[in-house]
>>> print(open('target19.tsv').read())   # TSV, C-alpha atoms and all ligand atoms
chain	number	residue	atom	x	y	z
A	1	MET	CA	82.86	92.17	96.40
A	2	ASN	CA	86.08	90.69	95.06
A	3	HIS	CA	88.98	89.27	97.05
A	4	LEU	CA	90.90	92.58	97.23
A	5	GLN	CA	87.91	94.54	98.53
A	6	ALA	CA	86.95	91.84	100.99
A	7	THR	CA	90.48	91.61	102.41
A	8	LEU	CA	90.77	95.40	102.64
A	9	GLU	CA	87.57	95.52	104.68
A	10	GLN	CA	89.27	93.48	107.40
A	11	TYR	CA	91.67	96.30	108.32
A	12	PRO	CA	90.66	98.92	110.87
A	13	ARG	CA	90.39	102.45	109.53
A	14	GLU	CA	90.04	105.75	111.37
A	15	ASN	CA	87.57	108.05	109.64
A	16	LEU	CA	89.57	111.20	108.83
A	17	THR	CA	87.96	112.53	105.68
A	18	ARG	CA	84.75	112.39	103.70
A	19	THR	CA	85.03	110.23	100.61
A	20	PRO	CA	84.58	109.72	97.72
A	21	THR	CA	86.50	112.67	96.36
A	22	PRO	CA	85.31	113.78	92.91
A	23	LEU	CA	86.68	112.37	89.69
A	24	ASP	CA	86.47	115.46	87.50
A	25	MET	CA	86.45	115.38	83.74
A	26	LEU	CA	88.65	118.24	82.46
A	27	PRO	CA	86.68	119.39	79.42
A	28	LYS	CA	88.70	122.47	78.51
A	29	LEU	CA	92.21	121.10	78.92
A	30	GLY	CA	90.94	117.82	77.42
A	31	ASP	CA	89.68	119.73	74.34
A	32	GLN	CA	92.98	121.58	73.98
A	33	LEU	CA	94.89	118.28	74.06
A	34	GLY	CA	92.34	116.10	72.25
A	35	LEU	CA	92.12	113.77	75.27
A	36	ASN	CA	89.46	112.45	77.61
A	37	LEU	CA	91.17	113.70	80.70
A	38	TYR	CA	90.07	112.93	84.24
A	39	LEU	CA	91.49	114.37	87.45
A	40	LYS	CA	91.00	112.44	90.69
A	41	ARG	CA	90.55	115.24	93.19
A	42	ASP	CA	92.36	114.01	96.27
A	43	ASP	CA	93.38	117.63	96.77
A	44	LEU	CA	89.78	117.87	97.99
A	45	THR	CA	89.98	115.42	100.87
A	46	ASP	CA	88.58	117.58	103.61
A	47	LEU	CA	91.17	117.29	106.35
A	48	THR	CA	92.95	120.67	106.69
A	49	LEU	CA	93.54	121.77	103.07
A	50	GLY	CA	93.45	118.27	101.60
A	51	GLY	CA	95.79	115.89	99.82
A	52	ASP	CA	96.74	112.23	99.70
A	53	LYS	CA	97.73	111.84	103.38
A	54	PRO	CA	94.29	111.50	104.96
A	55	ARG	CA	93.72	108.29	103.00
A	56	LYS	CA	97.09	106.93	104.16
A	57	LEU	CA	96.68	108.11	107.75
A	58	GLU	CA	93.25	106.53	108.10
A	59	TYR	CA	94.90	103.11	108.15
A	60	GLU	CA	98.11	104.10	109.93
A	61	ILE	CA	96.37	105.86	112.81
A	62	ALA	CA	94.18	102.80	113.29
A	63	GLN	CA	97.44	100.91	113.87
A	64	ALA	CA	98.68	103.63	116.23
A	65	ARG	CA	95.50	103.29	118.27
A	66	LEU	CA	95.87	99.51	118.44
A	67	ALA	CA	99.39	100.07	119.80
A	68	GLY	CA	98.01	102.46	122.46
A	69	ALA	CA	99.85	105.51	121.13
A	70	ASP	CA	99.18	109.03	122.40
A	71	THR	CA	101.64	110.97	120.21
A	72	LEU	CA	102.26	110.86	116.45
A	73	VAL	CA	105.83	111.56	115.39
A	74	THR	CA	106.79	112.16	111.79
A	75	CYS	CA	109.19	114.03	109.54
A	76	GLY	CA	109.60	115.83	106.25
A	77	SER	CA	110.84	118.92	104.50
A	78	MET	CA	110.05	122.47	105.66
A	79	GLN	CA	107.01	122.55	103.39
A	80	SER	CA	105.92	119.00	104.18
A	81	ASN	CA	102.29	118.28	103.32
A	82	HIS	CA	102.62	115.19	105.43
A	83	ALA	CA	103.60	117.25	108.52
A	84	ARG	CA	100.50	119.42	108.00
A	85	LEU	CA	98.15	116.50	107.63
A	86	THR	CA	99.65	114.36	110.40
A	87	THR	CA	99.26	117.33	112.74
A	88	ALA	CA	95.67	117.79	111.61
A	89	ALA	CA	94.92	114.08	111.99
A	90	ALA	CA	96.49	114.00	115.47
A	91	ARG	CA	94.26	116.88	116.52
A	92	LYS	CA	91.21	115.19	115.06
A	93	VAL	CA	91.80	111.97	116.99
A	94	GLY	CA	92.99	113.70	120.16
A	95	MET	CA	96.71	112.90	120.03
A	96	GLU	CA	99.83	115.00	120.38
A	97	CYS	CA	102.08	115.52	117.36
A	98	VAL	CA	105.81	116.10	116.91
A	99	VAL	CA	107.19	116.88	113.45
A	100	VAL	CA	110.90	116.74	112.66
A	101	LEU	CA	111.65	118.94	109.65
A	102	SER	CA	114.88	119.24	107.71
A	103	ARG	CA	116.00	122.80	107.15
A	104	ASP	CA	115.82	123.83	103.49
A	105	GLN	CA	115.30	126.96	101.44
A	106	TRP	CA	111.47	126.83	101.76
A	107	ALA	CA	111.48	127.72	105.46
A	108	LYS	CA	109.16	130.72	105.33
A	109	ILE	CA	106.37	130.57	107.89
A	110	GLN	CA	103.96	130.13	105.02
A	111	GLY	CA	101.91	127.37	103.41
A	112	ASN	CA	102.33	124.01	105.11
A	113	LEU	CA	104.77	125.21	107.77
A	114	LEU	CA	102.41	127.99	108.79
A	115	SER	CA	99.56	125.52	109.12
A	116	VAL	CA	101.67	123.14	111.23
A	117	TYR	CA	102.40	125.93	113.71
A	118	LEU	CA	98.77	127.05	113.71
A	119	MET	CA	97.68	123.56	114.72
A	120	GLY	CA	100.21	123.45	117.52
A	121	ALA	CA	102.56	120.62	116.61
A	122	GLN	CA	105.89	120.49	118.39
A	123	VAL	CA	108.30	121.40	115.58
A	124	GLU	CA	111.92	120.21	115.67
A	125	ILE	CA	114.11	121.60	112.89
A	126	VAL	CA	117.26	119.61	112.08
A	127	ASP	CA	120.10	119.85	109.57
A	128	VAL	CA	120.53	116.77	107.40
A	129	ALA	CA	121.96	116.45	103.91
A	130	ASP	CA	118.83	114.81	102.54
A	131	HIS	CA	115.38	115.25	104.01
A	132	TRP	CA	114.42	111.76	102.88
A	133	ASP	CA	116.91	110.57	105.45
A	134	LEU	CA	115.47	111.80	108.73
A	135	GLU	CA	114.80	108.48	110.41
A	136	GLU	CA	117.65	108.69	112.92
A	137	SER	CA	116.52	112.11	114.17
A	138	VAL	CA	112.93	110.94	114.51
A	139	LEU	CA	113.90	107.82	116.42
A	140	THR	CA	115.86	109.98	118.86
A	141	VAL	CA	112.76	112.13	119.41
A	142	CYS	CA	110.70	108.96	120.02
A	143	LYS	CA	113.22	107.82	122.61
A	144	GLN	CA	113.01	111.17	124.40
A	145	LEU	CA	109.22	111.03	124.36
A	146	ARG	CA	109.22	107.50	125.81
A	147	ALA	CA	111.59	108.64	128.57
A	148	ALA	CA	109.07	111.41	129.34
A	149	GLY	CA	106.29	108.85	129.74
A	150	LYS	CA	104.64	109.34	126.32
A	151	ARG	CA	103.63	106.59	123.90
A	152	PRO	CA	104.88	107.77	120.51
A	153	HIS	CA	103.94	106.22	117.18
A	154	TYR	CA	106.49	106.84	114.44
A	155	ILE	CA	105.12	107.45	110.96
A	156	PRO	CA	107.89	107.48	108.33
A	157	ILE	CA	108.38	110.15	105.72
A	158	SER	CA	105.45	110.70	103.36
A	159	GLY	CA	103.37	108.56	105.72
A	160	THR	CA	104.27	105.47	103.75
A	161	THR	CA	103.97	102.17	105.61
A	162	PRO	CA	102.44	98.86	104.53
A	163	HIS	CA	99.18	99.73	106.30
A	164	SER	CA	99.02	103.31	105.05
A	165	CYS	CA	99.34	102.08	101.47
A	166	LEU	CA	95.95	100.43	101.99
A	167	GLY	CA	94.57	103.96	101.74
A	168	TYR	CA	95.49	104.02	98.07
A	169	ILE	CA	94.10	100.57	97.50
A	170	ARG	CA	90.82	102.02	98.75
A	171	GLY	CA	91.38	105.28	96.83
A	172	THR	CA	92.06	103.52	93.54
A	173	LEU	CA	89.05	101.23	93.96
A	174	GLU	CA	87.05	104.42	94.46
A	175	THR	CA	88.43	105.95	91.23
A	176	LEU	CA	87.63	102.83	89.24
A	177	SER	CA	84.07	102.81	90.57
A	178	GLN	CA	83.65	106.39	89.28
A	179	LEU	CA	84.73	105.63	85.70
A	180	PRO	CA	82.04	104.74	83.15
A	181	GLN	CA	83.57	101.34	82.36
A	182	ARG	CA	85.28	100.83	85.71
A	183	GLY	CA	88.68	101.55	84.21
A	184	GLN	CA	88.48	99.27	81.19
A	185	GLU	CA	88.48	102.36	78.95
A	186	LEU	CA	91.73	103.77	80.37
A	187	ASP	CA	94.85	104.33	78.25
A	188	ALA	CA	96.98	105.52	81.16
A	189	PHE	CA	96.89	106.35	84.87
A	190	TYR	CA	99.37	109.04	86.01
A	191	VAL	CA	100.46	109.32	89.65
A	192	PRO	CA	103.30	110.98	91.57
A	193	CYS	CA	106.16	108.84	92.81
A	194	GLY	CA	107.88	109.96	96.05
A	195	THR	CA	108.39	106.98	98.33
A	196	GLY	CA	106.32	104.96	95.85
A	197	GLY	CA	103.47	104.15	98.24
A	198	ILE	CA	100.76	105.67	96.05
A	199	PHE	CA	102.32	104.30	92.87
A	200	THR	CA	102.55	100.73	94.17
A	201	ALA	CA	99.04	100.68	95.63
A	202	THR	CA	97.60	102.10	92.40
A	203	LEU	CA	99.40	99.51	90.27
A	204	LEU	CA	98.36	96.60	92.46
A	205	THR	CA	94.73	97.71	92.60
A	206	LEU	CA	94.44	98.16	88.83
A	207	ARG	CA	95.92	94.73	88.15
A	208	GLU	CA	93.82	93.00	90.80
A	209	MET	CA	90.74	94.62	89.27
A	210	GLY	CA	91.67	93.51	85.73
A	211	VAL	CA	92.64	96.97	84.43
A	212	ASN	CA	95.69	96.69	82.20
A	213	CYS	CA	96.56	100.26	81.15
A	214	PRO	CA	100.09	101.58	81.74
A	215	VAL	CA	100.57	103.09	85.20
A	216	ILE	CA	102.90	106.05	84.87
A	217	GLY	CA	104.78	107.35	87.89
A	218	ILE	CA	106.42	110.76	87.73
A	219	SER	CA	109.25	110.77	90.24
A	220	VAL	CA	109.62	113.87	92.40
A	221	ASN	CA	112.93	113.00	93.98
A	222	ARG	CA	114.52	109.64	93.26
A	223	ASP	CA	116.19	108.09	90.23
A	224	GLU	CA	114.38	105.34	88.39
A	225	ALA	CA	116.37	102.49	89.96
A	226	THR	CA	115.57	103.66	93.50
A	227	CYS	CA	111.89	104.05	92.63
A	228	ARG	CA	111.88	100.49	91.27
A	229	ASP	CA	113.51	99.21	94.48
A	230	ASN	CA	110.81	101.01	96.46
A	231	LEU	CA	108.16	99.40	94.29
A	232	GLU	CA	109.57	95.97	95.24
A	233	THR	CA	109.39	96.84	98.94
A	234	TRP	CA	105.82	98.14	98.94
A	235	TRP	CA	104.59	95.52	96.47
A	236	GLY	CA	105.81	92.75	98.77
A	237	ALA	CA	104.34	94.38	101.87
A	238	LEU	CA	100.96	95.01	100.24
A	239	CYS	CA	100.69	91.53	98.72
A	240	ASN	CA	101.41	90.19	102.16
A	241	LEU	CA	98.72	92.28	103.86
A	242	LEU	CA	96.16	91.64	101.16
A	243	ASP	CA	96.93	88.01	100.52
A	244	CYS	CA	97.70	88.68	96.84
A	245	ASP	CA	99.97	86.60	94.65
A	246	LEU	CA	103.40	88.24	94.95
A	247	SER	CA	104.45	86.96	91.53
A	248	ARG	CA	101.36	88.19	89.69
A	249	ASP	CA	101.99	89.97	86.40
A	250	ARG	CA	102.42	93.70	87.01
A	251	GLY	CA	101.68	94.60	83.41
A	252	GLU	CA	102.97	97.79	81.88
A	253	TYR	CA	104.30	100.46	84.20
A	254	GLU	CA	106.79	103.27	83.90
A	255	ILE	CA	108.70	105.53	86.23
A	256	HIS	CA	110.05	108.79	84.83
A	257	ALA	CA	112.75	110.59	86.76
A	258	ASN	CA	113.40	113.32	84.19
A	259	PHE	CA	110.87	115.83	85.53
A	260	ILE	CA	112.51	116.34	88.94
A	261	GLY	CA	114.72	119.27	87.98
A	262	ARG	CA	117.82	119.94	90.09
A	263	GLU	CA	116.44	118.32	93.23
A	264	TYR	CA	113.31	117.48	95.21
A	265	GLY	CA	111.02	120.51	95.32
A	266	ASP	CA	112.68	122.32	92.42
A	267	PRO	CA	109.87	124.28	90.76
A	268	THR	CA	110.94	123.59	87.18
A	269	GLU	CA	109.74	125.82	84.34
A	270	ALA	CA	107.78	122.90	82.92
A	271	CYS	CA	106.10	122.38	86.30
A	272	LEU	CA	105.17	126.06	86.66
A	273	ASP	CA	103.90	126.15	83.05
A	274	ALA	CA	101.79	123.06	83.78
A	275	ILE	CA	100.30	124.76	86.85
A	276	ILE	CA	99.45	127.84	84.77
A	277	LYS	CA	98.00	125.70	81.97
A	278	LEU	CA	95.59	123.77	84.19
A	279	GLY	CA	94.78	126.84	86.28
A	280	SER	CA	93.90	128.99	83.29
A	281	ALA	CA	91.99	126.21	81.50
A	282	GLU	CA	89.99	124.77	84.38
A	283	GLY	CA	90.43	126.98	87.45
A	284	ILE	CA	92.13	124.15	89.33
A	285	LEU	CA	95.45	124.70	91.09
A	286	LEU	CA	98.28	122.18	91.19
A	287	ASP	CA	101.31	122.35	93.48
A	288	PRO	CA	104.98	122.99	92.65
A	289	VAL	CA	106.38	119.78	94.20
A	290	TYR	CA	104.09	116.87	93.25
A	291	SER	CA	100.99	117.43	91.13
A	292	GLY	CA	102.58	120.16	88.97
A	293	LYS	CA	105.39	117.74	88.15
A	294	VAL	CA	102.97	114.95	87.30
A	295	MET	CA	101.10	117.27	84.95
A	296	SER	CA	104.39	118.42	83.41
A	297	GLY	CA	105.16	114.77	82.64
A	298	LEU	CA	101.73	114.14	81.15
A	299	LEU	CA	101.99	117.29	78.97
A	300	ALA	CA	105.51	116.39	77.82
A	301	HIS	CA	104.37	112.89	76.83
A	302	HIS	CA	101.42	114.38	74.99
A	303	ALA	CA	103.65	116.90	73.19
A	304	ALA	CA	105.94	114.03	72.14
A	305	GLY	CA	102.96	112.35	70.45
A	306	ARG	CA	102.50	109.59	72.99
A	307	TRP	CA	98.72	109.96	73.35
A	308	PRO	CA	96.64	109.87	70.18
A	309	ALA	CA	93.45	111.93	69.98
A	310	GLY	CA	90.66	110.40	72.02
A	311	SER	CA	92.96	108.67	74.55
A	312	THR	CA	91.45	108.39	78.02
A	313	ILE	CA	93.76	109.33	80.87
A	314	VAL	CA	93.35	109.66	84.63
A	315	MET	CA	95.73	111.79	86.64
A	316	LEU	CA	95.75	111.72	90.43
A	317	HIS	CA	95.82	115.17	92.01
A	318	SER	CA	97.42	114.29	95.36
A	319	GLY	CA	97.20	117.82	96.77
A	320	GLY	CA	100.08	119.92	98.08
A	321	VAL	CA	98.58	123.23	96.96
A	322	PRO	CA	99.45	125.15	100.21
A	323	ALA	CA	103.12	125.01	99.14
A	324	LEU	CA	102.28	127.44	96.31
A	325	PHE	CA	102.26	130.22	98.90
A	326	ALA	CA	105.73	129.39	100.19
A	327	TYR	CA	106.98	129.42	96.59
A	328	HIS	CA	105.38	132.76	95.73
A	329	ASP	CA	108.65	134.58	94.92
A	330	VAL	CA	109.79	132.09	92.33
A	331	ILE	CA	106.27	131.77	90.92
A	332	GLU	CA	105.98	135.55	90.67
A	333	ALA	CA	109.25	135.68	88.73
A	334	HIS	CA	107.94	132.99	86.38
A	335	LEU	CA	104.63	134.79	85.86
A	336	LYS	CA	106.57	137.93	84.96
A	337	LYS	CA	108.79	135.98	82.58
A	338	ARG	CA	105.69	134.66	80.82
A	339	GLY	CA	104.19	138.18	80.70
A	340	ILE	CA	101.26	137.14	82.90
A	341	VAL	CA	102.03	139.51	85.75
A	342	ASN	CA	102.15	143.05	84.42
A	343	GLN	CA	105.56	144.35	85.38
A	344	THR	CA	104.43	147.98	85.37
A	345	PHE	CA	101.74	147.29	88.00
A	346	PRO	CA	100.12	149.35	89.50
A	347	LEU	CA	98.55	150.88	86.40
A	348	GLU	CA	98.64	154.68	86.19
B	1	LIG	C1	101.01	116.02	97.70
B	1	LIG	C2	101.81	114.77	97.69
B	1	LIG	N1	101.71	113.91	96.65
B	1	LIG	C3	102.44	112.78	96.59
B	1	LIG	C4	103.32	112.43	97.58
B	1	LIG	C5	104.17	111.20	97.44
B	1	LIG	O1	103.50	110.04	97.71
B	1	LIG	P1	104.34	108.69	97.86
B	1	LIG	O2	105.41	108.95	98.87
B	1	LIG	O3	103.34	107.67	98.30
B	1	LIG	O4	104.95	108.36	96.54
B	1	LIG	C6	103.46	113.27	98.69
B	1	LIG	C7	104.43	112.93	99.75
B	1	LIG	O5	104.65	113.58	100.70
B	1	LIG	C8	102.69	114.47	98.75
B	1	LIG	O6	102.79	115.32	99.78
>>> encode(input="target19.tsv", output="structure tokens")
Amino acid sequence: MNHLQATLEQYPRENLTRTPTPLDMLPKLGDQLGLNLYLKRDDLTDLTLGGDKPRKLEYEIAQARLAGADTLVTCGSMQSNHARLTTAAARKVGMECVVVLSRDQWAKIQGNLLSVYLMGAQVEIVDVADHWDLEESVLTVCKQLRAAGKRPHYIPISGTTPHSCLGYIRGTLETLSQLPQRGQELDAFYVPCGTGGIFTATLLTLREMGVNCPVIGISVNRDEATCRDNLETWWGALCNLLDCDLSRDRGEYEIHANFIGREYGDPTEACLDAIIKLGSAEGILLDPVYSGKVMSGLLAHHAAGRWPAGSTIVMLHSGGVPALFAYHDVIEAHLKKRGIVNQTFPLE
């Protein structure tokens, strides 16, 4: 066991999901592209419809327990995966849950929002200009809960905290252990970049384990400069928790902010085409907010000649698939545009 693994073991972790998740080779899409393509299936974590959050929450809820909390409080967009999985985790560990959601156009009682109601979270819907800026509203809710005698634990947007990032240290160690040469064969590792928690933990783990391939973050909401600032924050916090050298060489990494579209959650044509491409090649669904965007970035880089035949690439599938159902109108229109849905249905 190396230093990173040994230090990680010292942190308490609530067991929320069965791991390891599979690392699937994608033979058909890989053949089409001439790549050795692997998909880390964190969409298959088995807490209520899966995704990245169970790994993060395993460490954060352990902290909540240490603090004696009885209520988890968090926030997100109307189709927040994090709201779904925090609610599910709260139920699993016997806590209450309050989710503060910012009103947006994806407010159908469908997908993630539907699941949040089904699991009985207290839902507070607020109007803010930017859903990544909900902290004030959540802190007010925490104050009200305290006044009512509850012991709330605030989990920031996307579940990203120094401790929760440990979940992706553990997750990335798991991925490396599943690769034939423990990652030495990799030419690139693609991940989503929202708050940057997953990205930073992936980068740090690869470097600590001596894997030097480029780590490529596809931003889903922020410009490159903000993503880089976030990397500084989480890098410092993680090095501190894990007793790693803050100034260690980070090697090659990239953050691409040109796949976002108009705004966070915009189901771009490239994203929807990427979902269709993987779905029809491998029977695996991506989501319109995170994993579809990551795949759209990978495919665009491939189309631009970035990855020569035989390159070995891992992409993290961080989940989010329930949002497909809240986006069904726009996806239906896209399927029609591509001639996939027969517009004269039903057939005579
Ligand atoms: C499915 C999915 N992938 C990725 C992310 C972003 O992860 P991070 O904020 O650690 O960059 C989120 C955030 O909510 C998510 O729901």
>>> residues_near_ligand(input="target19.tsv", ligand="ligand LIG 1 (chain B)", cutoff="7 Å", atoms="only C-alpha atoms and all ligand atoms", output="PyMOL selection string")
chain A and resi 51-52+80-82+158+160+192-199+290-291+318-320
>>> closest_residue(input="target19.tsv", among="A:Leu85, A:Val93, A:Val289, A:Ala67", to="Leu113 in chain A", atoms="all atoms listed in the file")
A:Leu85
>>> residues_around(input="target19.tsv", residues="Ala89 in chain A", least_positions_apart="5", cutoff="8 Å", atoms="all atoms listed in the file", output="PyMOL selection string")
chain A and resi 16+47+54+57
>>> residues_near_point(input="target19.tsv", point="(112.2, 111.9, 122.9)", cutoff="12 Å", atoms="all atoms listed in the file", output="PyMOL selection string")
chain A and resi 71-73+98-100+122+124+136-154
>>> residues_around(input="target19.tsv", residues="Gly279 in chain A", least_positions_apart="5", cutoff="12 Å", atoms="only C-alpha atoms", output="PDB file with C-alpha atoms, in the frame of the given file")
ATOM      1  CA  LEU A  26      88.650 118.240  82.460  1.00  0.00           C
ATOM      2  CA  LYS A  28      88.700 122.470  78.510  1.00  0.00           C
ATOM      3  CA  LEU A  29      92.210 121.100  78.920  1.00  0.00           C
ATOM      4  CA  LEU A 272     105.170 126.060  86.660  1.00  0.00           C
ATOM      5  CA  ASP A 273     103.900 126.150  83.050  1.00  0.00           C
ATOM      6  CA  ALA A 274     101.790 123.060  83.780  1.00  0.00           C
ATOM      7  CA  ILE A 284      92.130 124.150  89.330  1.00  0.00           C
ATOM      8  CA  LEU A 285      95.450 124.700  91.090  1.00  0.00           C
ATOM      9  CA  LEU A 286      98.280 122.180  91.190  1.00  0.00           C
ATOM     10  CA  ASP A 287     101.310 122.350  93.480  1.00  0.00           C
ATOM     11  CA  GLY A 292     102.580 120.160  88.970  1.00  0.00           C
ATOM     12  CA  MET A 295     101.100 117.270  84.950  1.00  0.00           C
ATOM     13  CA  VAL A 321      98.580 123.230  96.960  1.00  0.00           C
TER      14      VAL A 321
END
>>> axis_aligned_box(input="target19.tsv", around="range 290-308 of chain A", padding_each_side="8 Å", output="AutoDock Vina command-line options")
--center_x 101.3 --center_y 114.9 --center_z 81.7 --size_x 25.3 --size_y 26.6 --size_z 39.1
>>> closest_atom_pairs(input="target19.tsv", of="range 274-322 of chain A", to="range 330-344 of chain A", cutoff="12 Å", atoms="only C-alpha atoms", output="CSV")
residue,atom,partner,partner_atom,distance
A:Ala274,CA,A:His334,CA,12.0
A:Ile275,CA,A:Ile331,CA,10.1
A:Ile276,CA,A:Leu335,CA,8.7
A:Lys277,CA,A:Arg338,CA,11.9
A:Ser280,CA,A:Ile340,CA,11.0
A:Asp287,CA,A:Ile331,CA,10.9
A:Pro288,CA,A:Ile331,CA,9.0
>>> write_last_selection(input="target19.tsv", atoms="C-alpha atoms", output="CSV table (one decimal), in the coordinates of the input")
chain,number,residue,atom,x,y,z
A,274,ALA,CA,101.8,123.1,83.8
A,275,ILE,CA,100.3,124.8,86.8
A,276,ILE,CA,99.4,127.8,84.8
A,277,LYS,CA,98.0,125.7,82.0
A,280,SER,CA,93.9,129.0,83.3
A,287,ASP,CA,101.3,122.4,93.5
A,288,PRO,CA,105.0,123.0,92.6
>>> closest_atom_pairs(input="target19.tsv", of="range 38-135 of chain A", to="range 208-222 of chain A", cutoff="12 Å", atoms="all atoms listed in the file", output="CSV")
residue,atom,partner,partner_atom,distance
A:Asp130,CA,A:Asn221,CA,10.6
A:His131,CA,A:Asn221,CA,10.6
A:Trp132,CA,A:Asn221,CA,9.1
